[in-house]
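Quick notes on the structure that follows.
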Amino acid sequence: MAACVALAVALALIGNLPQALSLLFSVMSAPIDFLTISQLNLDLSVVPTPTIDTGGDMLNYLLNLRKIGRKDGLLVTWYHAANSKSEMEKALKSDAMAVEADITVSPLETNKPIMAHPPDILSDNTLQEWLDAVLNTDKAVKLDFKTNKAVGPSLDILVKKASQVNVNRPVWLNADILKGPNVPINIAVNASLFLSLIQEKFPNCTVSTGWSALYLPLFPNSTYTQKMVEEMHSLVGKLPQRVTFPVRAVM
C-alpha cells in the first residue's frame, strides 16, 4: 500500500493528477492483500519523463539516473577527447557518465565546427554529427572550445539542435579564457567573446572556464596564483549560470 501511495504522489508531482486520484481511490477500496499494479489498470507508459534542464546540476542528474549514490563529484566518470568517430563510439559504449570533446573549425570549410584538439586541425567528425550521436544516449555533455572562431557557429548548431530535440541533460560549455602557468604565449579563447556569446545564444548551461596551462614533469613549474584566481573571479563572479573551473591538480 505504501508503494502505491508513493506512486500516486509521484504522479501528482509530475502533473498527472487524474491518474494519481484514480490510484488513491483504488488503494482505499481494494483488498490490500490482493492489490497489484496490474489490478489498478494503471498505464505507466503515459507518465511523462521529467525534463532535465540543460543548465541543471550534473550531480542531481546523475543521482536521478542512479549512476551515483550521493552528490560527490569524485564519483563522476568521464571520457575525455571523444573527438574522432571511433573515440566517440568508444565513449558512448563505455561506462563513462559524461563525455567531453573539443571543438575547432575546419580549415577546409569556413566556420564549420569539427571535433579536434589542436594541433589536430582535421577530423572525420563534425559537431553536428557528434550531437546527433551523443544526444541519443543519457550521457552528460561537456564541449571544449579551442578557438575563437569555433564559439559562435558551434552555439548556433547547439541552439538549433535543442529546438529540434529534448536535450534533457546538463550541458557544460568550456574554454580556457585566461593565460595560466608555464604558457609562454597567450593561446586562450577571448573571454569577452566566449562569455557574451553564451549569454546571447545558449545561456541555459553550466559555464566552465579555465586557464591555458602547461606542465612539464622534468622541469621546474609555476603554479596557479592568487592573481590568476582574482582575474577569473572578475570575469565570471556575476554570471547567472553555474560556473565550474577545470584545473590541473598537479599544479
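Labeling convention for the C-alpha cells: chains A, B, ... as they appear, residues from 1 per chain, ligands from 1 in order of appearance.
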Which residues in segment 164-251 of chain A does DSSP call strand (DSSP E)? List them as a PyMOL selection string. chain A and resi 171-179+206-212+242-244
With C-alpha atoms retained, write the just-selected residues as a PDB file, in the first residue's frame.
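That gives us result.pdb:
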ATOM      1  CA  VAL A 171      25.401  20.864 -20.864  1.00  0.00           C
ATOM      2  CA  TRP A 172      28.775  22.306 -19.881  1.00  0.00           C
ATOM      3  CA  LEU A 173      30.410  24.865 -22.178  1.00  0.00           C
ATOM      4  CA  ASN A 174      34.143  25.128 -21.565  1.00  0.00           C
ATOM      5  CA  ALA A 175      37.049  27.261 -22.727  1.00  0.00           C
ATOM      6  CA  ASP A 176      40.409  28.338 -21.389  1.00  0.00           C
ATOM      7  CA  ILE A 177      39.854  32.092 -21.265  1.00  0.00           C
ATOM      8  CA  LEU A 178      42.969  33.227 -19.363  1.00  0.00           C
ATOM      9  CA  LYS A 179      46.697  32.639 -19.694  1.00  0.00           C
ATOM     10  CA  THR A 206      26.939  25.466 -16.966  1.00  0.00           C
ATOM     11  CA  VAL A 207      29.860  27.734 -17.798  1.00  0.00           C
ATOM     12  CA  SER A 208      33.253  26.077 -17.440  1.00  0.00           C
ATOM     13  CA  THR A 209      36.195  28.481 -17.592  1.00  0.00           C
ATOM     14  CA  GLY A 210      39.851  27.696 -17.150  1.00  0.00           C
ATOM     15  CA  TRP A 211      43.401  28.809 -17.690  1.00  0.00           C
ATOM     16  CA  SER A 212      45.628  27.669 -20.551  1.00  0.00           C
ATOM     17  CA  ARG A 242      26.518  27.721 -12.603  1.00  0.00           C
ATOM     18  CA  VAL A 243      30.277  28.009 -13.011  1.00  0.00           C
ATOM     19  CA  THR A 244      32.931  25.329 -12.766  1.00  0.00           C
TER      20      THR A 244
END
Applying 12 Å and only C-alpha atoms, which residues near Ser123 of chain A remain after dropping the ones on its own chain fewer than 2 positions away? List them as a PyMOL selection string. chain A and resi 82-88+102-109+112-121+125-127+129-130
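Using only C-alpha atoms, the smallest distance between any of A:Arg70, A:Ser222, A:Lys93, A:Asn136 and Val183 of chain A comes from A:Ser222.
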Can you pull out every residue within 12 Å of Leu135 of chain A, counting only C-alpha atoms, but drop anything in the same chain fewer than 5 positions away, and send it as a VMD selection string? chain A and resid 54 88 92 98 to 99 127 to 130 140 to 142 158 161 to 162 164 to 171
Please report the interatomic distance between atom CA of Asn182 of chain A and atom CA of Leu214 of chain A in Å with one decimal. 5.3 Å
Give me the residues within 10 Å of Pro203 of chain A as a ChimeraX atom specification, counting only C-alpha atoms and dropping any in the same chain fewer than 5 places off. /A:54-55,173,195-198,239-241
Expected answer as a PyMOL selection string: helix (DSSP H, G or I) residues in segment 128-211 of chain A: chain A and resi 128-134+148-164+191-201
